[in-house]
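Here is data.csv, consisting of CSV, C-alpha atoms and all ligand atoms:
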chain,number,residue,atom,x,y,z
P,1,MET,CA,0.0,0.0,0.0
P,2,LYS,CA,2.7,2.4,1.0
P,3,ILE,CA,4.6,1.7,-2.2
P,4,LEU,CA,1.5,2.3,-4.2
P,5,MET,CA,0.9,5.6,-2.5
P,6,THR,CA,4.4,6.7,-3.1
P,7,LEU,CA,4.1,5.8,-6.8
P,8,ALA,CA,0.8,7.7,-7.0
P,9,VAL,CA,2.4,10.8,-5.5
P,10,ALA,CA,5.4,10.5,-7.8
P,11,LEU,CA,3.1,10.1,-10.8
P,12,SER,CA,1.0,13.1,-9.8
P,13,LEU,CA,4.2,15.2,-9.3
P,14,ALA,CA,5.4,14.2,-12.7
P,15,ALA,CA,2.1,15.0,-14.4
P,16,PRO,CA,2.7,18.6,-15.3
P,17,SER,CA,6.0,18.1,-17.1
P,18,ALA,CA,4.8,14.9,-18.6
P,19,ARG,CA,2.1,16.8,-20.4
P,20,ALA,CA,3.8,16.8,-23.7
P,21,ALA,CA,3.2,19.8,-26.0
P,22,GLU,CA,2.1,17.4,-28.8
P,23,ASP,CA,-0.7,16.3,-26.6
P,24,ARG,CA,-2.5,19.6,-26.5
P,25,ARG,CA,-6.0,19.4,-27.8
P,26,LEU,CA,-8.5,22.0,-29.1
P,27,VAL,CA,-12.3,22.4,-29.4
P,28,LEU,CA,-13.4,25.4,-31.4
P,29,VAL,CA,-17.0,26.4,-31.2
P,30,THR,CA,-19.0,29.1,-33.1
P,31,LEU,CA,-22.5,30.4,-32.4
P,32,ASP,CA,-23.7,31.8,-35.6
P,33,GLY,CA,-24.6,35.5,-35.5
P,34,MET,CA,-24.9,35.6,-31.7
P,35,ARG,CA,-24.8,39.3,-30.7
P,36,TRP,CA,-22.4,40.6,-28.1
P,37,GLN,CA,-25.3,42.6,-26.8
P,38,GLU,CA,-27.1,39.5,-25.6
P,39,VAL,CA,-23.9,37.9,-24.4
P,40,PHE,CA,-23.0,40.8,-22.1
P,41,ARG,CA,-26.3,42.4,-21.4
P,42,GLY,CA,-28.6,39.4,-21.5
P,43,ALA,CA,-32.1,39.5,-22.9
P,44,ASP,CA,-33.1,42.9,-24.1
P,45,PRO,CA,-35.9,44.0,-21.7
P,46,ALA,CA,-37.8,45.8,-24.5
P,47,LEU,CA,-37.5,43.1,-27.1
P,48,ALA,CA,-38.2,40.2,-24.7
P,49,VAL,CA,-41.8,41.4,-23.9
P,50,ASP,CA,-42.8,42.2,-27.5
P,51,PRO,CA,-45.7,39.9,-28.5
P,52,ALA,CA,-44.7,40.3,-32.2
P,53,ILE,CA,-41.3,38.5,-31.6
P,54,VAL,CA,-41.8,36.4,-28.5
P,55,GLU,CA,-44.3,33.6,-28.3
P,56,ASP,CA,-43.8,32.4,-24.7
P,57,ARG,CA,-43.6,35.7,-23.0
P,58,PRO,CA,-44.2,34.4,-19.4
P,59,GLY,CA,-41.6,31.8,-19.9
P,60,ILE,CA,-39.0,34.1,-21.4
P,61,LYS,CA,-39.7,36.7,-18.7
P,62,ALA,CA,-39.2,34.2,-15.9
P,63,ALA,CA,-36.1,32.7,-17.4
P,64,PHE,CA,-34.3,35.7,-18.8
P,65,LEU,CA,-35.8,39.0,-17.5
P,66,ASP,CA,-36.7,38.4,-13.9
P,67,PRO,CA,-33.2,37.3,-12.7
P,68,ALA,CA,-31.2,40.2,-11.4
P,69,ASP,CA,-28.2,39.2,-13.5
P,70,ARG,CA,-29.7,38.9,-17.0
P,71,LYS,CA,-26.4,38.0,-18.7
P,72,ARG,CA,-25.8,35.1,-16.3
P,73,ALA,CA,-29.4,34.0,-16.7
P,74,LEU,CA,-29.0,33.7,-20.5
P,75,THR,CA,-25.4,32.3,-20.8
P,76,PRO,CA,-24.3,31.1,-17.4
P,77,PHE,CA,-21.4,29.0,-18.6
P,78,LEU,CA,-19.8,31.9,-20.5
P,79,HIS,CA,-20.0,34.1,-17.4
P,80,GLU,CA,-19.5,31.7,-14.5
P,81,VAL,CA,-16.8,29.5,-16.0
P,82,MET,CA,-15.2,30.9,-19.1
P,83,ALA,CA,-15.0,34.5,-17.9
P,84,THR,CA,-13.6,33.6,-14.6
P,85,GLN,CA,-11.3,30.6,-15.5
P,86,GLY,CA,-10.5,32.0,-18.9
P,87,VAL,CA,-11.1,35.0,-21.1
P,88,LEU,CA,-14.3,36.6,-22.3
P,89,ILE,CA,-13.8,39.6,-24.6
P,90,GLY,CA,-16.1,41.9,-26.5
P,91,ASP,CA,-18.2,43.8,-23.9
P,92,ARG,CA,-18.3,47.1,-25.6
P,93,ASP,CA,-20.1,48.7,-22.6
P,94,LEU,CA,-16.8,48.2,-20.7
P,95,GLY,CA,-14.6,49.3,-23.6
P,96,SER,CA,-13.7,45.7,-24.6
P,97,CYS,CA,-13.8,44.9,-28.3
P,98,ALA,CA,-13.9,42.1,-30.8
P,99,ARG,CA,-14.8,42.2,-34.5
P,100,VAL,CA,-14.5,40.7,-37.9
P,101,THR,CA,-11.9,42.2,-40.2
P,102,ASN,CA,-13.7,41.3,-43.5
P,103,ASP,CA,-16.0,43.9,-45.0
P,104,LYS,CA,-19.1,41.7,-45.5
P,105,PHE,CA,-20.4,40.9,-42.0
P,106,PHE,CA,-22.1,37.6,-43.0
P,107,SER,CA,-21.4,34.0,-42.5
P,108,TYR,CA,-19.2,32.5,-45.2
P,109,PRO,CA,-16.7,35.5,-45.2
P,110,GLY,CA,-16.7,35.3,-41.4
P,111,TYR,CA,-16.1,31.6,-41.1
P,112,ASN,CA,-13.4,31.8,-43.9
P,113,GLU,CA,-11.7,34.5,-41.8
P,114,ILE,CA,-11.9,32.5,-38.6
P,115,LEU,CA,-10.7,29.3,-40.1
P,116,THR,CA,-8.0,30.6,-42.5
P,117,GLY,CA,-6.6,33.6,-40.5
P,118,ARG,CA,-7.4,36.3,-43.0
P,119,PRO,CA,-10.4,37.8,-44.8
P,120,ASP,CA,-10.7,37.1,-48.5
P,121,PRO,CA,-12.6,39.6,-50.7
P,122,ARG,CA,-13.3,36.9,-53.2
P,123,ILE,CA,-15.7,35.3,-50.7
P,124,ALA,CA,-18.7,37.6,-51.3
P,125,SER,CA,-21.7,35.3,-50.8
P,126,ASN,CA,-23.0,32.5,-48.7
P,127,ASP,CA,-23.3,30.2,-51.8
P,128,PRO,CA,-21.9,26.7,-51.3
P,129,VAL,CA,-18.8,27.4,-53.5
P,130,PRO,CA,-15.8,25.3,-52.6
P,131,ASN,CA,-13.4,27.5,-50.6
P,132,PRO,CA,-10.1,28.2,-52.5
P,133,ASN,CA,-8.4,28.8,-49.2
P,134,VAL,CA,-7.0,26.1,-46.8
P,135,SER,CA,-8.3,26.2,-43.3
P,136,PHE,CA,-6.0,25.6,-40.3
P,137,LEU,CA,-8.1,22.4,-39.8
P,138,GLU,CA,-7.2,21.1,-43.2
P,139,TRP,CA,-3.6,22.1,-42.8
P,140,LEU,CA,-3.4,20.4,-39.4
P,141,ASP,CA,-5.0,17.2,-40.8
P,142,GLY,CA,-2.1,17.0,-43.2
P,143,ARG,CA,0.6,17.1,-40.5
P,144,PRO,CA,2.1,14.2,-38.6
P,145,GLY,CA,0.2,13.6,-35.4
P,146,TYR,CA,-3.0,15.2,-36.6
P,147,ARG,CA,-3.9,13.1,-39.7
P,148,GLY,CA,-7.3,11.6,-39.2
P,149,LYS,CA,-7.6,13.4,-35.8
P,150,VAL,CA,-9.5,16.5,-36.9
P,151,ALA,CA,-13.3,16.5,-37.0
P,152,VAL,CA,-16.0,19.0,-37.8
P,153,PHE,CA,-19.7,19.1,-36.9
P,154,ALA,CA,-21.9,21.9,-38.2
P,155,SER,CA,-25.6,22.8,-38.3
P,156,TRP,CA,-25.3,24.7,-41.6
P,157,SER,CA,-24.8,22.6,-44.8
P,158,VAL,CA,-22.5,25.1,-46.4
P,159,PHE,CA,-19.6,24.1,-44.1
P,160,THR,CA,-18.8,21.3,-46.5
P,161,ALA,CA,-17.9,24.1,-49.0
P,162,ILE,CA,-16.3,26.3,-46.5
P,163,LEU,CA,-14.0,23.4,-45.5
P,164,ASN,CA,-13.8,22.3,-49.1
P,165,THR,CA,-14.5,18.6,-48.4
P,166,GLY,CA,-13.8,17.8,-52.1
P,167,ARG,CA,-10.2,18.7,-51.5
P,168,SER,CA,-9.6,18.4,-47.8
P,169,ARG,CA,-9.8,15.1,-46.0
P,170,VAL,CA,-11.3,16.6,-42.9
P,171,PRO,CA,-14.6,14.8,-42.1
P,172,VAL,CA,-17.5,17.3,-42.0
P,173,ASN,CA,-20.9,16.2,-40.6
P,174,ALA,CA,-23.0,19.2,-41.6
P,175,GLY,CA,-26.6,20.2,-42.5
P,176,PHE,CA,-29.0,17.2,-42.6
P,177,MET,CA,-26.3,14.5,-43.1
P,178,THR,CA,-26.9,11.3,-41.4
P,179,PRO,CA,-23.6,9.5,-41.6
P,180,LYS,CA,-23.4,5.7,-41.3
P,181,PRO,CA,-24.0,5.2,-37.6
P,182,HIS,CA,-21.4,3.8,-35.3
P,183,GLY,CA,-23.7,2.1,-32.8
P,184,ALA,CA,-27.2,2.4,-31.4
P,185,PHE,CA,-27.1,6.0,-30.2
P,186,GLU,CA,-26.0,7.4,-33.6
P,187,ALA,CA,-28.5,5.3,-35.4
P,188,ALA,CA,-31.3,6.8,-33.2
P,189,LEU,CA,-29.9,10.3,-33.7
P,190,GLY,CA,-30.0,9.8,-37.5
P,191,ARG,CA,-33.6,8.5,-37.3
P,192,LEU,CA,-34.7,11.4,-35.1
P,193,GLN,CA,-33.0,13.9,-37.4
P,194,ASP,CA,-34.8,12.4,-40.5
P,195,GLN,CA,-38.1,12.4,-38.7
P,196,SER,CA,-37.9,15.9,-37.2
P,197,PRO,CA,-39.3,19.1,-38.8
P,198,ARG,CA,-37.0,21.0,-41.0
P,199,ILE,CA,-37.8,24.7,-40.5
P,200,TRP,CA,-34.7,25.9,-42.5
P,201,SER,CA,-33.6,24.4,-45.7
P,202,THR,CA,-29.8,24.4,-45.0
P,203,VAL,CA,-29.6,24.4,-41.2
P,204,ARG,CA,-30.5,21.6,-38.8
P,205,PHE,CA,-31.4,21.9,-35.2
P,206,ASP,CA,-28.3,22.3,-33.1
P,207,ALA,CA,-29.1,19.4,-30.8
P,208,PHE,CA,-28.3,17.0,-33.7
P,209,THR,CA,-25.0,18.7,-34.4
P,210,HIS,CA,-24.1,18.7,-30.7
P,211,ASN,CA,-24.9,15.1,-30.0
P,212,TYR,CA,-23.0,13.9,-33.2
P,213,ALA,CA,-20.0,15.9,-31.9
P,214,LEU,CA,-20.2,14.6,-28.3
P,215,GLU,CA,-20.6,11.0,-29.5
P,216,ALA,CA,-17.5,11.3,-31.7
P,217,ILE,CA,-15.5,12.9,-28.9
P,218,ARG,CA,-16.4,10.1,-26.6
P,219,ARG,CA,-15.7,7.4,-29.3
P,220,ASP,CA,-12.8,8.6,-31.4
P,221,ARG,CA,-11.2,11.2,-29.2
P,222,PRO,CA,-10.1,13.5,-32.0
P,223,LYS,CA,-7.3,16.0,-31.1
P,224,VAL,CA,-9.1,18.9,-32.8
P,225,VAL,CA,-12.8,19.4,-33.0
P,226,TYR,CA,-14.7,22.3,-34.6
P,227,ILE,CA,-18.5,22.6,-33.8
P,228,ALA,CA,-20.6,25.2,-35.6
P,229,TYR,CA,-24.0,25.8,-34.1
P,230,GLY,CA,-26.5,27.7,-36.2
P,231,GLU,CA,-29.9,28.3,-34.5
P,232,THR,CA,-29.1,31.7,-33.0
P,233,ASP,CA,-28.8,33.3,-36.5
P,234,ASP,CA,-31.8,31.6,-38.1
P,235,PHE,CA,-34.2,32.4,-35.3
P,236,ALA,CA,-33.1,36.0,-35.4
P,237,HIS,CA,-33.6,36.2,-39.2
P,238,ASP,CA,-37.1,34.7,-38.6
P,239,GLY,CA,-37.8,37.5,-36.1
P,240,GLN,CA,-38.3,35.0,-33.3
P,241,TYR,CA,-36.5,36.8,-30.4
P,242,GLY,CA,-37.8,34.4,-27.8
P,243,HIS,CA,-36.7,31.3,-29.7
P,244,MET,CA,-33.3,33.0,-30.4
P,245,LEU,CA,-32.8,33.5,-26.6
P,246,GLU,CA,-33.7,29.9,-25.9
P,247,ALA,CA,-31.3,28.8,-28.6
P,248,ALA,CA,-28.5,30.9,-27.0
P,249,HIS,CA,-29.3,29.4,-23.6
P,250,ARG,CA,-29.2,25.9,-25.1
P,251,ALA,CA,-25.9,26.6,-26.8
P,252,ASP,CA,-24.4,27.8,-23.5
P,253,GLY,CA,-25.6,24.5,-22.0
P,254,PHE,CA,-23.9,22.6,-24.9
P,255,LEU,CA,-20.7,24.4,-24.0
P,256,ARG,CA,-21.0,23.3,-20.4
P,257,GLU,CA,-21.7,19.7,-21.4
P,258,LEU,CA,-18.7,19.7,-23.8
P,259,TRP,CA,-16.4,21.2,-21.2
P,260,THR,CA,-17.6,18.8,-18.5
P,261,THR,CA,-17.2,15.8,-20.8
P,262,LEU,CA,-13.7,16.9,-21.8
P,263,GLN,CA,-12.6,17.4,-18.2
P,264,ALA,CA,-14.0,13.9,-17.2
P,265,ASP,CA,-11.9,12.2,-20.0
P,266,LYS,CA,-8.2,11.7,-19.4
P,267,ALA,CA,-7.5,12.0,-23.1
P,268,TYR,CA,-8.7,15.7,-22.8
P,269,ALA,CA,-8.6,16.7,-19.2
P,270,GLY,CA,-6.1,19.5,-18.4
P,271,LYS,CA,-4.7,19.7,-21.9
P,272,THR,CA,-7.6,20.9,-24.0
P,273,THR,CA,-8.4,24.5,-24.9
P,274,LEU,CA,-12.0,25.5,-25.7
P,275,ILE,CA,-12.4,28.6,-27.9
P,276,VAL,CA,-15.8,30.1,-28.5
P,277,THR,CA,-16.7,32.9,-30.9
P,278,THR,CA,-19.1,34.0,-33.6
P,279,ASP,CA,-18.9,34.8,-37.3
P,280,HIS,CA,-20.6,38.2,-37.2
P,281,GLY,CA,-22.7,40.5,-35.1
P,282,ARG,CA,-26.1,42.0,-35.9
P,283,GLY,CA,-27.8,45.4,-36.0
P,284,ASP,CA,-27.1,47.3,-32.7
P,285,GLY,CA,-30.6,48.5,-31.9
P,286,SER,CA,-30.2,51.9,-33.4
P,287,ARG,CA,-33.2,51.2,-35.6
P,288,PRO,CA,-36.3,49.1,-34.8
P,289,ASN,CA,-35.9,45.4,-35.4
P,290,ASP,CA,-32.4,45.7,-36.6
P,291,TRP,CA,-31.4,42.8,-34.2
P,292,LYS,CA,-32.8,40.5,-36.9
P,293,GLY,CA,-30.3,41.3,-39.6
P,294,HIS,CA,-26.6,41.7,-40.4
P,295,GLY,CA,-24.4,42.6,-43.3
P,296,ALA,CA,-22.1,45.6,-44.0
P,297,VAL,CA,-24.4,47.4,-46.4
P,298,ILE,CA,-27.5,47.8,-44.1
P,299,TRP,CA,-26.2,47.0,-40.6
P,300,PRO,CA,-22.8,48.7,-40.2
P,301,ALA,CA,-22.4,47.6,-36.6
P,302,SER,CA,-22.7,43.9,-37.4
P,303,ASP,CA,-18.9,43.6,-37.6
P,304,GLN,CA,-19.0,43.6,-33.7
P,305,THR,CA,-18.4,40.2,-32.2
P,306,TRP,CA,-17.0,38.5,-29.0
P,307,PHE,CA,-14.5,35.9,-28.2
P,308,ALA,CA,-14.0,33.4,-25.3
P,309,ALA,CA,-11.4,30.8,-24.4
P,310,ILE,CA,-10.5,28.5,-21.5
P,311,GLY,CA,-7.7,26.0,-21.2
P,312,PRO,CA,-4.5,25.0,-19.5
P,313,ASP,CA,-2.4,27.9,-21.0
P,314,VAL,CA,-5.1,30.6,-21.1
P,315,LYS,CA,-4.9,33.5,-18.7
P,316,LYS,CA,-7.7,33.7,-16.1
P,317,GLY,CA,-10.2,36.5,-15.8
P,318,VAL,CA,-9.2,38.6,-18.9
P,319,THR,CA,-12.1,40.7,-20.2
P,320,LYS,CA,-10.2,43.3,-22.4
P,321,LEU,CA,-7.2,43.3,-24.6
P,322,ASP,CA,-5.1,46.3,-25.6
P,323,GLN,CA,-6.2,46.0,-29.2
P,324,CYS,CA,-9.6,45.0,-30.7
P,325,ALA,CA,-9.6,41.2,-31.1
P,326,GLY,CA,-10.0,40.2,-34.8
P,327,ALA,CA,-11.7,37.2,-36.2
P,328,ASN,CA,-8.5,36.9,-38.4
P,329,GLN,CA,-6.6,36.1,-35.1
P,330,VAL,CA,-8.6,33.0,-34.2
P,331,ALA,CA,-6.7,30.5,-36.4
P,332,ALA,CA,-3.3,31.5,-35.0
P,333,THR,CA,-4.7,31.6,-31.5
P,334,ALA,CA,-6.1,28.1,-32.0
P,335,LEU,CA,-2.7,26.8,-33.3
P,336,GLN,CA,-0.9,28.5,-30.4
P,337,ALA,CA,-3.2,26.7,-28.0
P,338,LEU,CA,-2.0,23.4,-29.7
P,339,ASP,CA,1.6,24.6,-29.4
P,340,VAL,CA,1.9,24.5,-33.2
P,341,ASP,CA,3.8,27.2,-35.0
P,342,TRP,CA,1.1,29.3,-36.6
P,343,LYS,CA,3.6,30.9,-39.0
P,344,ALA,CA,4.2,27.6,-40.6
P,345,PHE,CA,0.5,27.6,-41.4
P,346,ASP,CA,0.4,31.1,-42.8
P,347,PRO,CA,2.9,33.9,-41.9
P,348,GLN,CA,0.3,36.4,-43.1
P,349,ALA,CA,-2.4,35.2,-40.8
P,350,GLY,CA,-3.6,37.5,-38.0
P,351,THR,CA,-1.4,37.1,-35.0
P,352,PRO,CA,-2.4,35.0,-31.9
P,353,LEU,CA,-4.5,36.9,-29.4
P,354,PRO,CA,-2.4,37.7,-26.3
P,355,ILE,CA,-4.5,35.4,-24.1
P,356,PHE,CA,-1.9,32.8,-23.0
P,357,ALA,CA,0.1,32.8,-19.8
P,358,LEU,CA,3.8,32.4,-20.2
P,359,ARG,CA,4.7,28.7,-20.3
G,1,ZN,ZN,-27.4,35.3,-40.9

Could you write out this structure as structure tokens?
Amino acid sequence: MKILMTLAVALSLAAPSARAAEDRRLVLVTLDGMRWQEVFRGADPALAVDPAIVEDRPGIKAAFLDPADRKRALTPFLHEVMATQGVLIGDRDLGSCARVTNDKFFSYPGYNEILTGRPDPRIASNDPVPNPNVSFLEWLDGRPGYRGKVAVFASWSVFTAILNTGRSRVPVNAGFMTPKPHGAFEAALGRLQDQSPRIWSTVRFDAFTHNYALEAIRRDRPKVVYIAYGETDDFAHDGQYGHMLEAAHRADGFLRELWTTLQADKAYAGKTTLIVTTDHGRGDGSRPNDWKGHGAVIWPASDQTWFAAIGPDVKKGVTKLDQCAGANQVAATALQALDVDWKAFDPQAGTPLPIFALR
């Protein structure tokens, strides 16, 4: 017994230095078109009582307006866990800032910028045109140690084009895909997806995306996972403020479940960085109903975003950076979290955000 105890102590003492750099892991998550205004102010008290845009007004009021801390009520994981144990940037009411650097302020240009490290003026629509640019995910998948260990799960079908699955080998489960199931749970998930209503032609409900991702994490333990949720954007376009709030709250719960799952799995615990951000903002409330839309031409404030990260090397409690955080900096930040040289990916990419403690 004594020998065992000594061994256990020795192993636990050895653990930090034994955490090899090549064993760093990454989960990147995006919440499509989720405004910083709701992230940092919570539900808007004027919008959340409007019968034209909220069906379940008593439920929305009780859940998201009555609590004294509205932001915590809406996205508790972001505020209670990520903001305190990691970084949460973009609260413009406090002078913090995050934005996209492309000049379009809609999804494909935003995701291209996040995943490739720079904006590309050629990407000027959301059409499912194969991306000429190589994402850091595709680049990583071609490197020793990462081949076959990168996986993508997305609610929006266009992600197969954004990640150019015709060229890249990164597996992308997007839109209404029901991949050949590995076991009973995935078989049931595929059946439920096929049997559920489709209220948007190219975007499935996030619960399917989330559960496909969680199942793959538990089964395959990929080193790098990207999960792109979509409901927050589509409910907003539909003018459904109540449904949008509930989608945001569910997405926050997905983040908590992801983080809890990762920390309970020794393949991920203590060596995984979770990065969460969005592809664009929306109208800033300066005109009625402009929370529904985004795009540079009509909604100039929809470049405004937010960024969050938590992980073994991430500083704790950072809410503001010296310079506005750009979406073009996410790729290099993600690579730095993996301890991979981002300049080897693209020396012209936006530089890593200064969110890491010195190692
Ligand atoms: Zn949109």

Quick one, how far is CA of Pro288 (chain P) from CA of Ala46 (chain P)? 10.9 Å

Using Å and a single decimal, report how far CA of Asp252 (chain P) sits from CA of Ile89 (chain P). 15.9 Å

Which value, in Å to one decimal, gives the distance between CA of His237 (chain P) and CA of Ala68 (chain P)? 28.2 Å

How would you write, as a tab-separated table (two decimals) with C-alpha atoms, in the coordinates of the input, the set of residues no farther than 7 Å from ligand ZN 1 (chain G) when counting only C-alpha atoms and all ligand atoms?
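Heads up, here's the output in pocket_26.tsv:
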chain	number	residue	atom	x	y	z
P	33	GLY	CA	-24.60	35.50	-35.50
P	106	PHE	CA	-22.10	37.60	-43.00
P	107	SER	CA	-21.40	34.00	-42.50
P	233	ASP	CA	-28.80	33.30	-36.50
P	234	ASP	CA	-31.80	31.60	-38.10
P	237	HIS	CA	-33.60	36.20	-39.20
P	293	GLY	CA	-30.30	41.30	-39.60
P	294	HIS	CA	-26.60	41.70	-40.40

Can you write out as a Markdown table which residues of region 227-329 of chain P fall within 12 Å of region 207-213 of chain P, alongside each residue's closest atom pair and its distance in Å to one decimal, counting all atoms listed in the file and ordering rows by chain and ascending residue number?
| residue | atom | partner | partner_atom | distance |
| --- | --- | --- | --- | --- |
| P:Ile227 | CA | P:Ala213 | CA | 7.1 |
| P:Ala228 | CA | P:Thr209 | CA | 7.9 |
| P:Tyr229 | CA | P:Thr209 | CA | 7.2 |
| P:Gly230 | CA | P:Thr209 | CA | 9.3 |
| P:Glu231 | CA | P:Ala207 | CA | 9.7 |
| P:Ala247 | CA | P:Ala207 | CA | 9.9 |
| P:Arg250 | CA | P:Ala207 | CA | 8.6 |
| P:Ala251 | CA | P:Ala207 | CA | 8.8 |
| P:Asp252 | CA | P:His210 | CA | 11.6 |
| P:Gly253 | CA | P:His210 | CA | 10.6 |
| P:Phe254 | CA | P:His210 | CA | 7.0 |
| P:Leu255 | CA | P:His210 | CA | 9.4 |
| P:Arg256 | CA | P:His210 | CA | 11.7 |
| P:Glu257 | CA | P:His210 | CA | 9.7 |
| P:Leu258 | CA | P:His210 | CA | 8.8 |
| P:Thr261 | CA | P:Ala213 | CA | 11.4 |
| P:Leu262 | CA | P:Ala213 | CA | 11.9 |

Please produce a file of the residues just selected, as an mmCIF file, keeping the file's coordinate frame, where the atoms kept are C-alpha atoms.
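Saved result, out_5.cif, follows:
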data_model
loop_
_atom_site.group_PDB
_atom_site.id
_atom_site.type_symbol
_atom_site.label_atom_id
_atom_site.label_comp_id
_atom_site.auth_asym_id
_atom_site.auth_seq_id
_atom_site.Cartn_x
_atom_site.Cartn_y
_atom_site.Cartn_z
ATOM 1 C CA ILE P 227 -18.500 22.600 -33.800
ATOM 2 C CA ALA P 228 -20.600 25.200 -35.600
ATOM 3 C CA TYR P 229 -24.000 25.800 -34.100
ATOM 4 C CA GLY P 230 -26.500 27.700 -36.200
ATOM 5 C CA GLU P 231 -29.900 28.300 -34.500
ATOM 6 C CA ALA P 247 -31.300 28.800 -28.600
ATOM 7 C CA ARG P 250 -29.200 25.900 -25.100
ATOM 8 C CA ALA P 251 -25.900 26.600 -26.800
ATOM 9 C CA ASP P 252 -24.400 27.800 -23.500
ATOM 10 C CA GLY P 253 -25.600 24.500 -22.000
ATOM 11 C CA PHE P 254 -23.900 22.600 -24.900
ATOM 12 C CA LEU P 255 -20.700 24.400 -24.000
ATOM 13 C CA ARG P 256 -21.000 23.300 -20.400
ATOM 14 C CA GLU P 257 -21.700 19.700 -21.400
ATOM 15 C CA LEU P 258 -18.700 19.700 -23.800
ATOM 16 C CA THR P 261 -17.200 15.800 -20.800
ATOM 17 C CA LEU P 262 -13.700 16.900 -21.800
#

Would you pick out the contacts of Tyr146 (chain P) at 9 Å or less, using all atoms listed in the file, so that residues sharing its chain but fewer than 4 positions from it are not included, and give the list as number ranges by chain? P: 140-142, 150, 222-224

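Shortest separation to Leu353 (chain P) among P:Gly117, P:Pro171, P:Pro67, P:Pro45 occurs at residue P:Gly117, atoms counted being all atoms listed in the file.
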
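Shortest separation to Leu338 (chain P) among P:Glu246, P:Asp313, P:Asp32, P:Asp66 occurs at residue P:Asp313, atoms counted being only C-alpha atoms.
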
Applying 12 Å and all atoms listed in the file, which residues near region 69-78 of chain P remain after dropping the ones on its own chain fewer than 4 positions away? List them as JSON, numbers by chain. {"P": [34, 36, 37, 38, 39, 40, 41, 42, 43, 44, 45, 48, 60, 61, 62, 63, 64, 65, 82, 83, 84, 85, 86, 87, 88, 89, 91, 242, 244, 245, 246, 247, 248, 249, 250, 251, 252, 253, 254, 255, 256, 257, 258, 259, 260, 274, 275, 276, 277, 306, 307, 308, 309, 310, 317, 319]}

Could you give me, as a list in words, the residues that have an atom at most 7 Å away from the point (-24.4, 19.9, -40.6) in the coordinates of the file, using all atoms listed in the file? Phe153, Ala154, Ser155, Trp156, Ser157, Asn173, Ala174, Gly175, Phe176, Met177, Val203, Arg204 and Thr209 of chain P

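Nearest-residue note for Val318 (chain P): choosing from P:Asp23, P:Arg143, P:Arg218, P:Ser96, the minimum distance belongs to P:Ser96, counting all atoms listed in the file.
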